[in-house]
Amino acid sequence: MTRLTVTESATLERAADAPMLAQVERWAAVNSGTGNLAGLKTVAAMLADAFAVLPGTIRLVTPDPVESVDAAGTIRTTQRGDHLHLRVRPEAPVQLLLTGHMDTVFAADHPFQTLKWLEPGLLNGPGTADMKAGISVILAALTALEASPLAERIGYDVMINSDEETGSHASAALIAELARGKTAALTYEPALPDGTLAGARPGSGNFSVLIHGRSAHAGRNPEEGRNALVAAADLAVRLNALKSLELKVNPAKIDGGGPNNVVPDQAILRVNMRPMTPAAMVAAEATLRDTIANIQRDHDVHCHLHGGFNRPPKPLDAAATRLFELVRDCGAALGLPPIGWHATGGVCDGNNIAACGIPVVDTMGPRGGAIHSSDEFLIVDSLAERAMLSALTMMRIAERGTV
């Protein structure tokens, strides 16, 4: 269906008229870097107040603890901010999941803290596109939907987490819980400036390999030592050689070493791996473990692997393709330029949702660009455009009862 009904038109007008820009300016003015717990607490409270206009039950969810390995090789537990969860009409026949994140990549002491207009219609600021604007679109679309006769057919969970930018380790279990049994999911990462959506995505895993060798005097008895730094370097080279069309590998950092006259007895290799398919992910982890075992044998060291694949690959299956096509058709009904999608090397919470077997379009947010940099910008006119696109997509899922 490419034409709008009278009911759809009325709902879309409400979505477009929502005060999204004012919300973005207010929310983006508060630093909410993933590690800024005070800022995240403030933003979570602001969002809870804003989403309270919707029916249902709203709560702040305690994050799961997150473990990481520091430069000294000690496993540390990191605290993350609370996540926001709204549940509306869980008994309705059509159940949707809408997700976003309140955190940004800009820490409390980052120099990029303020908003400014680059030109009329282009707002520069931390988290404007990624993704305070996406959150405002969720709220606008749902507020309009609640006034539609189709509202009673749709139940939904909204999840706004506090740690997406660092991999959603503290919210992965919550995402999986809320995805269960859903008809479809929409995630509000920003679309590209021309409106293109992200299609298939690779998976991503971050690993820390702790290597324990044996110290010795570099001049008197180096042969009695076992150089952990050399073993880490050899491991980095071997893992780098695993790159293929199905797997991206990035050995990123080695921690370790000390005085020039001491054989280093500890080093830590940090590596990121991005498999294109689920099969490639399984193979990559097996090869990683085999390569570590060979390093232990060849260098007479002991290795401990920490980390894993926190974002499974997101291929486009038949159900996901139908959802993308529905969004495209809704865009056509709104008179938008043709909406396309293509594979991307990035990852997001859409990966986690797709791994639960739920079709998801994960770039339903407004158009913008230069994210994760001080040049980040939001195309303000796309706020209303994307709020209408979301509302229409949800109404048509409700009418169909499926994607």
# chains A, B, ... in the order shown; residues from 1 in each chain; ligands from 1
>>> residues_around(residues="Leu378 (chain A)", least_positions_apart="6", cutoff="6 Å", atoms="only C-alpha atoms", output="PyMOL selection string")
chain A and resi 122-123+128-129+368
>>> select_by_dssp(residues="region 54-276 of chain A", states="strand (DSSP E or B)", output="PyMOL selection string")
chain A and resi 57-61+66-69+75-78+83-88+94-101+104+116-119+122-124+154-161+184-188+190-191+197-198+201+204-212+214+217+226+244+247-256+262+266-275
>>> residues_around(residues="region 220-223 of chain A", least_positions_apart="3", cutoff="7 Å", atoms="only C-alpha atoms", output="PyMOL selection string")
chain A and resi 216-217+263
>>> write_last_selection(atoms="all heavy atoms", output="PDB file, in the first residue's frame")
ATOM      1  N   ALA A 216      63.906 -12.784  33.755  1.00  0.00           N
ATOM      2  CA  ALA A 216      65.318 -13.139  33.897  1.00  0.00           C
ATOM      3  C   ALA A 216      66.150 -11.905  33.578  1.00  0.00           C
ATOM      4  O   ALA A 216      65.631 -10.924  33.016  1.00  0.00           O
ATOM      5  CB  ALA A 216      65.692 -14.294  32.967  1.00  0.00           C
ATOM      6  N   HIS A 217      67.434 -11.938  33.926  1.00  0.00           N
ATOM      7  CA  HIS A 217      68.331 -10.831  33.619  1.00  0.00           C
ATOM      8  C   HIS A 217      68.623 -10.854  32.117  1.00  0.00           C
ATOM      9  O   HIS A 217      68.971 -11.904  31.556  1.00  0.00           O
ATOM     10  CB  HIS A 217      69.630 -10.957  34.421  1.00  0.00           C
ATOM     11  CG  HIS A 217      70.464  -9.721  34.411  1.00  0.00           C
ATOM     12  ND1 HIS A 217      71.175  -9.316  33.310  1.00  0.00           N
ATOM     13  CD2 HIS A 217      70.695  -8.791  35.385  1.00  0.00           C
ATOM     14  CE1 HIS A 217      71.816  -8.191  33.581  1.00  0.00           C
ATOM     15  NE2 HIS A 217      71.542  -7.856  34.849  1.00  0.00           N
ATOM     16  N   VAL A 263      63.932  -9.494  31.192  1.00  0.00           N
ATOM     17  CA  VAL A 263      63.052 -10.211  30.267  1.00  0.00           C
ATOM     18  C   VAL A 263      61.616 -10.089  30.797  1.00  0.00           C
ATOM     19  O   VAL A 263      61.339 -10.503  31.924  1.00  0.00           O
ATOM     20  CB  VAL A 263      63.456 -11.697  30.158  1.00  0.00           C
ATOM     21  CG1 VAL A 263      62.451 -12.458  29.293  1.00  0.00           C
ATOM     22  CG2 VAL A 263      64.857 -11.829  29.592  1.00  0.00           C
TER      23      VAL A 263
END
>>> residues_around(residues="region 297-314 of chain A", least_positions_apart="6", cutoff="8 Å", atoms="only C-alpha atoms", output="MDAnalysis selection string")
chainID A and resid 68:69 167:169 200:214 226:228 231 275:278 281 347:352 354:355
>>> write_last_selection(atoms="C-alpha atoms", output="JSON list (two decimals), in the first residue's frame")
[["chain", "number", "residue", "atom", "x", "y", "z"],
["A", 68, "SER", "CA", 37.52, -6.15, 31.96],
["A", 69, "VAL", "CA", 41.27, -6.66, 32.19],
["A", 167, "GLY", "CA", 29.23, -3.14, 23.59],
["A", 168, "SER", "CA", 26.07, -3.45, 25.72],
["A", 169, "HIS", "CA", 27.73, -5.92, 28.08],
["A", 200, "ALA", "CA", 23.56, -6.88, 7.18],
["A", 201, "ARG", "CA", 26.20, -6.37, 9.86],
["A", 202, "PRO", "CA", 29.19, -8.45, 10.93],
["A", 203, "GLY", "CA", 29.59, -9.69, 14.46],
["A", 204, "SER", "CA", 32.18, -8.27, 16.83],
["A", 205, "GLY", "CA", 34.24, -9.65, 19.68],
["A", 206, "ASN", "CA", 36.88, -8.08, 21.87],
["A", 207, "PHE", "CA", 39.50, -10.27, 23.47],
["A", 208, "SER", "CA", 42.34, -9.78, 25.94],
["A", 209, "VAL", "CA", 45.01, -12.47, 25.99],
["A", 210, "LEU", "CA", 47.07, -12.47, 29.20],
["A", 211, "ILE", "CA", 50.49, -14.00, 28.60],
["A", 212, "HIS", "CA", 52.62, -15.11, 31.54],
["A", 213, "GLY", "CA", 56.28, -15.80, 30.86],
["A", 214, "ARG", "CA", 59.32, -15.87, 33.16],
["A", 226, "ARG", "CA", 60.39, -16.60, 28.73],
["A", 227, "ASN", "CA", 59.66, -13.31, 27.00],
["A", 228, "ALA", "CA", 55.93, -12.60, 27.28],
["A", 231, "ALA", "CA", 55.02, -14.07, 22.61],
["A", 275, "PRO", "CA", 33.12, -12.30, 11.50],
["A", 276, "MET", "CA", 30.67, -11.85, 8.65],
["A", 277, "THR", "CA", 28.53, -14.93, 9.36],
["A", 278, "PRO", "CA", 27.61, -17.12, 12.34],
["A", 281, "MET", "CA", 32.24, -16.55, 14.22],
["A", 347, "VAL", "CA", 27.70, -3.24, 14.93],
["A", 348, "CYS", "CA", 24.95, -2.24, 17.37],
["A", 349, "ASP", "CA", 22.13, -3.63, 19.51],
["A", 350, "GLY", "CA", 20.42, -4.74, 16.31],
["A", 351, "ASN", "CA", 22.97, -7.56, 16.19],
["A", 352, "ASN", "CA", 21.84, -8.83, 19.58],
["A", 354, "ALA", "CA", 18.64, -10.43, 15.34],
["A", 355, "ALA", "CA", 20.49, -13.20, 17.18]]
>>> atom_distance(atom1="CA of Met364 (chain A)", atom2="CA of Ala191 (chain A)")
6.4 Å
>>> residues_around(residues="region 356-362 of chain A", least_positions_apart="6", cutoff="6 Å", atoms="only C-alpha atoms", output="PDB file with all heavy atoms, in the first residue's frame")
ATOM      1  N   ALA A 184       8.474  -7.900  15.737  1.00  0.00           N
ATOM      2  CA  ALA A 184       9.552  -7.193  15.038  1.00  0.00           C
ATOM      3  C   ALA A 184      10.195  -6.225  16.020  1.00  0.00           C
ATOM      4  O   ALA A 184       9.668  -5.979  17.120  1.00  0.00           O
ATOM      5  CB  ALA A 184       9.032  -6.449  13.813  1.00  0.00           C
ATOM      6  N   ALA A 185      11.328  -5.651  15.610  1.00  0.00           N
ATOM      7  CA  ALA A 185      12.037  -4.683  16.445  1.00  0.00           C
ATOM      8  C   ALA A 185      12.540  -3.542  15.586  1.00  0.00           C
ATOM      9  O   ALA A 185      12.876  -3.717  14.404  1.00  0.00           O
ATOM     10  CB  ALA A 185      13.200  -5.345  17.175  1.00  0.00           C
ATOM     11  N   LEU A 186      12.595  -2.360  16.182  1.00  0.00           N
ATOM     12  CA  LEU A 186      13.134  -1.167  15.547  1.00  0.00           C
ATOM     13  C   LEU A 186      14.156  -0.559  16.494  1.00  0.00           C
ATOM     14  O   LEU A 186      13.866  -0.362  17.682  1.00  0.00           O
ATOM     15  CB  LEU A 186      12.025  -0.155  15.245  1.00  0.00           C
ATOM     16  CG  LEU A 186      10.866  -0.657  14.373  1.00  0.00           C
ATOM     17  CD1 LEU A 186       9.766   0.399  14.314  1.00  0.00           C
ATOM     18  CD2 LEU A 186      11.347  -1.014  12.971  1.00  0.00           C
ATOM     19  N   THR A 187      15.328  -0.279  15.973  1.00  0.00           N
ATOM     20  CA  THR A 187      16.400   0.327  16.769  1.00  0.00           C
ATOM     21  C   THR A 187      16.773   1.650  16.118  1.00  0.00           C
ATOM     22  O   THR A 187      16.779   1.772  14.886  1.00  0.00           O
ATOM     23  CB  THR A 187      17.612  -0.620  16.843  1.00  0.00           C
ATOM     24  OG1 THR A 187      17.230  -1.789  17.574  1.00  0.00           O
ATOM     25  CG2 THR A 187      18.786   0.026  17.541  1.00  0.00           C
ATOM     26  N   TYR A 188      17.112   2.652  16.946  1.00  0.00           N
ATOM     27  CA  TYR A 188      17.135   4.031  16.463  1.00  0.00           C
ATOM     28  C   TYR A 188      18.525   4.634  16.333  1.00  0.00           C
ATOM     29  O   TYR A 188      18.734   5.800  16.622  1.00  0.00           O
ATOM     30  CB  TYR A 188      16.190   4.871  17.321  1.00  0.00           C
ATOM     31  CG  TYR A 188      14.769   4.557  16.959  1.00  0.00           C
ATOM     32  CD1 TYR A 188      14.154   3.394  17.436  1.00  0.00           C
ATOM     33  CD2 TYR A 188      14.059   5.333  16.064  1.00  0.00           C
ATOM     34  CE1 TYR A 188      12.869   3.053  17.053  1.00  0.00           C
ATOM     35  CE2 TYR A 188      12.768   5.000  15.679  1.00  0.00           C
ATOM     36  CZ  TYR A 188      12.180   3.857  16.172  1.00  0.00           C
ATOM     37  OH  TYR A 188      10.908   3.506  15.780  1.00  0.00           O
ATOM     38  N   ALA A 319      12.665 -12.833   6.883  1.00  0.00           N
ATOM     39  CA  ALA A 319      11.802 -11.981   7.711  1.00  0.00           C
ATOM     40  C   ALA A 319      12.378 -10.575   7.829  1.00  0.00           C
ATOM     41  O   ALA A 319      11.645  -9.578   7.749  1.00  0.00           O
ATOM     42  CB  ALA A 319      11.630 -12.607   9.095  1.00  0.00           C
ATOM     43  N   ALA A 320      13.693 -10.481   8.024  1.00  0.00           N
ATOM     44  CA  ALA A 320      14.316  -9.160   8.110  1.00  0.00           C
ATOM     45  C   ALA A 320      14.179  -8.407   6.798  1.00  0.00           C
ATOM     46  O   ALA A 320      13.918  -7.190   6.788  1.00  0.00           O
ATOM     47  CB  ALA A 320      15.783  -9.303   8.489  1.00  0.00           C
ATOM     48  N   GLY A 350      21.147  -3.962  17.304  1.00  0.00           N
ATOM     49  CA  GLY A 350      20.417  -4.735  16.314  1.00  0.00           C
ATOM     50  C   GLY A 350      21.013  -6.120  16.116  1.00  0.00           C
ATOM     51  O   GLY A 350      20.288  -7.080  15.837  1.00  0.00           O
TER      52      GLY A 350
END
>>> select_by_dssp(residues="region 322-370 of chain A", states="alpha helix (DSSP H)", output="list in words")
Arg322, Leu323, Phe324, Glu325, Leu326, Val327, Arg328, Asp329, Cys330, Gly331, Ala332, Ala333, Asp349, Gly350, Asn351, Asn352, Ile353 and Ala354 of chain A
>>> write_last_selection(atoms="N, CA, C and O atoms", output="PDB file, in the first residue's frame")
ATOM      1  N   ARG A 322      11.754  -8.683   4.641  1.00  0.00           N
ATOM      2  CA  ARG A 322      10.366  -8.195   4.546  1.00  0.00           C
ATOM      3  C   ARG A 322      10.175  -6.925   5.373  1.00  0.00           C
ATOM      4  O   ARG A 322       9.451  -6.006   4.955  1.00  0.00           O
ATOM      5  N   LEU A 323      10.811  -6.867   6.545  1.00  0.00           N
ATOM      6  CA  LEU A 323      10.684  -5.673   7.379  1.00  0.00           C
ATOM      7  C   LEU A 323      11.351  -4.474   6.705  1.00  0.00           C
ATOM      8  O   LEU A 323      10.795  -3.364   6.703  1.00  0.00           O
ATOM      9  N   PHE A 324      12.526  -4.679   6.130  1.00  0.00           N
ATOM     10  CA  PHE A 324      13.174  -3.599   5.393  1.00  0.00           C
ATOM     11  C   PHE A 324      12.290  -3.128   4.244  1.00  0.00           C
ATOM     12  O   PHE A 324      12.151  -1.919   3.993  1.00  0.00           O
ATOM     13  N   GLU A 325      11.676  -4.055   3.542  1.00  0.00           N
ATOM     14  CA  GLU A 325      10.813  -3.690   2.418  1.00  0.00           C
ATOM     15  C   GLU A 325       9.581  -2.923   2.891  1.00  0.00           C
ATOM     16  O   GLU A 325       9.108  -2.008   2.205  1.00  0.00           O
ATOM     17  N   LEU A 326       9.067  -3.284   4.059  1.00  0.00           N
ATOM     18  CA  LEU A 326       7.932  -2.546   4.610  1.00  0.00           C
ATOM     19  C   LEU A 326       8.338  -1.109   4.922  1.00  0.00           C
ATOM     20  O   LEU A 326       7.596  -0.157   4.611  1.00  0.00           O
ATOM     21  N   VAL A 327       9.499  -0.928   5.542  1.00  0.00           N
ATOM     22  CA  VAL A 327       9.982   0.431   5.827  1.00  0.00           C
ATOM     23  C   VAL A 327      10.163   1.209   4.529  1.00  0.00           C
ATOM     24  O   VAL A 327       9.793   2.386   4.426  1.00  0.00           O
ATOM     25  N   ARG A 328      10.727   0.561   3.525  1.00  0.00           N
ATOM     26  CA  ARG A 328      10.898   1.212   2.222  1.00  0.00           C
ATOM     27  C   ARG A 328       9.555   1.658   1.652  1.00  0.00           C
ATOM     28  O   ARG A 328       9.413   2.795   1.167  1.00  0.00           O
ATOM     29  N   ASP A 329       8.552   0.770   1.711  1.00  0.00           N
ATOM     30  CA  ASP A 329       7.232   1.088   1.169  1.00  0.00           C
ATOM     31  C   ASP A 329       6.557   2.211   1.962  1.00  0.00           C
ATOM     32  O   ASP A 329       5.849   3.051   1.394  1.00  0.00           O
ATOM     33  N   CYS A 330       6.774   2.216   3.281  1.00  0.00           N
ATOM     34  CA  CYS A 330       6.224   3.305   4.093  1.00  0.00           C
ATOM     35  C   CYS A 330       6.877   4.632   3.718  1.00  0.00           C
ATOM     36  O   CYS A 330       6.218   5.680   3.669  1.00  0.00           O
ATOM     37  N   GLY A 331       8.181   4.590   3.446  1.00  0.00           N
ATOM     38  CA  GLY A 331       8.855   5.800   2.990  1.00  0.00           C
ATOM     39  C   GLY A 331       8.285   6.308   1.686  1.00  0.00           C
ATOM     40  O   GLY A 331       8.100   7.517   1.495  1.00  0.00           O
ATOM     41  N   ALA A 332       7.987   5.386   0.776  1.00  0.00           N
ATOM     42  CA  ALA A 332       7.388   5.775  -0.500  1.00  0.00           C
ATOM     43  C   ALA A 332       6.015   6.408  -0.285  1.00  0.00           C
ATOM     44  O   ALA A 332       5.652   7.390  -0.948  1.00  0.00           O
ATOM     45  N   ALA A 333       5.228   5.853   0.638  1.00  0.00           N
ATOM     46  CA  ALA A 333       3.901   6.407   0.929  1.00  0.00           C
ATOM     47  C   ALA A 333       3.997   7.817   1.477  1.00  0.00           C
ATOM     48  O   ALA A 333       3.089   8.638   1.286  1.00  0.00           O
ATOM     49  N   ASP A 349      23.061  -2.745  18.814  1.00  0.00           N
ATOM     50  CA  ASP A 349      22.131  -3.635  19.510  1.00  0.00           C
ATOM     51  C   ASP A 349      21.255  -4.423  18.545  1.00  0.00           C
ATOM     52  O   ASP A 349      20.673  -5.443  18.923  1.00  0.00           O
ATOM     53  N   GLY A 350      21.147  -3.962  17.304  1.00  0.00           N
ATOM     54  CA  GLY A 350      20.417  -4.735  16.314  1.00  0.00           C
ATOM     55  C   GLY A 350      21.013  -6.120  16.116  1.00  0.00           C
ATOM     56  O   GLY A 350      20.288  -7.080  15.837  1.00  0.00           O
ATOM     57  N   ASN A 351      22.335  -6.245  16.266  1.00  0.00           N
ATOM     58  CA  ASN A 351      22.972  -7.563  16.186  1.00  0.00           C
ATOM     59  C   ASN A 351      22.412  -8.500  17.241  1.00  0.00           C
ATOM     60  O   ASN A 351      22.090  -9.663  16.960  1.00  0.00           O
ATOM     61  N   ASN A 352      22.316  -8.009  18.473  1.00  0.00           N
ATOM     62  CA  ASN A 352      21.838  -8.834  19.581  1.00  0.00           C
ATOM     63  C   ASN A 352      20.382  -9.235  19.391  1.00  0.00           C
ATOM     64  O   ASN A 352      19.989 -10.364  19.692  1.00  0.00           O
ATOM     65  N   ILE A 353      19.579  -8.306  18.864  1.00  0.00           N
ATOM     66  CA  ILE A 353      18.167  -8.598  18.646  1.00  0.00           C
ATOM     67  C   ILE A 353      18.009  -9.646  17.551  1.00  0.00           C
ATOM     68  O   ILE A 353      17.248 -10.610  17.685  1.00  0.00           O
ATOM     69  N   ALA A 354      18.732  -9.474  16.443  1.00  0.00           N
ATOM     70  CA  ALA A 354      18.641 -10.426  15.338  1.00  0.00           C
ATOM     71  C   ALA A 354      19.063 -11.823  15.772  1.00  0.00           C
ATOM     72  O   ALA A 354      18.523 -12.825  15.289  1.00  0.00           O
TER      73      ALA A 354
END
>>> residues_around(residues="Ala18 (chain A)", least_positions_apart="6", cutoff="9 Å", atoms="only C-alpha atoms", output="ChimeraX atom specification")
/A:136-137,139-141,143-144,384,387
>>> write_last_selection(atoms="all heavy atoms", output="JSON list (two decimals), in the first residue's frame")
[["chain", "number", "residue", "atom", "x", "y", "z"],
["A", 136, "SER", "N", 14.17, 10.77, 20.79],
["A", 136, "SER", "CA", 13.04, 11.69, 20.61],
["A", 136, "SER", "C", 12.08, 11.18, 19.54],
["A", 136, "SER", "O", 10.86, 11.37, 19.64],
["A", 136, "SER", "CB", 13.54, 13.09, 20.26],
["A", 136, "SER", "OG", 14.02, 13.16, 18.93],
["A", 137, "VAL", "N", 12.61, 10.52, 18.53],
["A", 137, "VAL", "CA", 11.76, 9.96, 17.47],
["A", 137, "VAL", "C", 10.91, 8.81, 18.01],
["A", 137, "VAL", "O", 9.73, 8.68, 17.68],
["A", 137, "VAL", "CB", 12.61, 9.50, 16.27],
["A", 137, "VAL", "CG1", 11.82, 8.61, 15.32],
["A", 137, "VAL", "CG2", 13.16, 10.72, 15.53],
["A", 139, "LEU", "N", 9.80, 8.47, 21.04],
["A", 139, "LEU", "CA", 8.74, 9.06, 21.87],
["A", 139, "LEU", "C", 7.67, 9.72, 20.99],
["A", 139, "LEU", "O", 6.47, 9.55, 21.24],
["A", 139, "LEU", "CB", 9.34, 10.07, 22.84],
["A", 139, "LEU", "CG", 8.37, 10.76, 23.79],
["A", 139, "LEU", "CD1", 7.59, 9.75, 24.62],
["A", 139, "LEU", "CD2", 9.13, 11.72, 24.71],
["A", 140, "ALA", "N", 8.09, 10.43, 19.96],
["A", 140, "ALA", "CA", 7.11, 11.10, 19.08],
["A", 140, "ALA", "C", 6.23, 10.09, 18.37],
["A", 140, "ALA", "O", 5.00, 10.26, 18.29],
["A", 140, "ALA", "CB", 7.86, 11.97, 18.07],
["A", 141, "ALA", "N", 6.85, 9.03, 17.84],
["A", 141, "ALA", "CA", 6.08, 8.03, 17.09],
["A", 141, "ALA", "C", 5.09, 7.31, 18.00],
["A", 141, "ALA", "O", 3.94, 7.08, 17.62],
["A", 141, "ALA", "CB", 7.03, 7.04, 16.43],
["A", 143, "THR", "N", 3.85, 8.35, 20.94],
["A", 143, "THR", "CA", 2.82, 9.26, 21.43],
["A", 143, "THR", "C", 1.73, 9.45, 20.39],
["A", 143, "THR", "O", 0.52, 9.45, 20.71],
["A", 143, "THR", "CB", 3.45, 10.63, 21.80],
["A", 143, "THR", "OG1", 4.47, 10.43, 22.78],
["A", 143, "THR", "CG2", 2.40, 11.56, 22.36],
["A", 144, "ALA", "N", 2.13, 9.57, 19.13],
["A", 144, "ALA", "CA", 1.14, 9.67, 18.05],
["A", 144, "ALA", "C", 0.36, 8.37, 17.90],
["A", 144, "ALA", "O", -0.87, 8.38, 17.71],
["A", 144, "ALA", "CB", 1.85, 10.03, 16.75],
["A", 384, "ALA", "N", 11.05, 14.97, 12.00],
["A", 384, "ALA", "CA", 9.64, 14.74, 11.67],
["A", 384, "ALA", "C", 9.51, 13.61, 10.65],
["A", 384, "ALA", "O", 8.62, 12.75, 10.76],
["A", 384, "ALA", "CB", 9.02, 16.02, 11.11],
["A", 387, "ALA", "N", 10.03, 10.29, 12.47],
["A", 387, "ALA", "CA", 8.93, 10.01, 13.40],
["A", 387, "ALA", "C", 7.71, 9.50, 12.62],
["A", 387, "ALA", "O", 7.04, 8.54, 13.03],
["A", 387, "ALA", "CB", 8.57, 11.26, 14.19]]
>>> residues_around(residues="region 37-53 of chain A", least_positions_apart="6", cutoff="9 Å", atoms="only C-alpha atoms", output="PyMOL selection string")
chain A and resi 23+27-28+30-31+59-60+79-86+102-103+108+135+139+143+160+162
>>> closest_residue(among="A:Ala10, A:Thr99, A:Ala29, A:Asn124", to="Ser373 (chain A)", atoms="only C-alpha atoms")
A:Asn124
>>> atom_distance(atom1="CA of Asp17 (chain A)", atom2="CA of Ser374 (chain A)")
29.2 Å
>>> closest_residue(among="A:Arg26, A:Leu142, A:Leu192, A:Met159", to="Ile371 (chain A)", atoms="only C-alpha atoms")
A:Leu192
>>> atom_distance(atom1="CA of Ala147 (chain A)", atom2="CA of Pro90 (chain A)")
17.9 Å
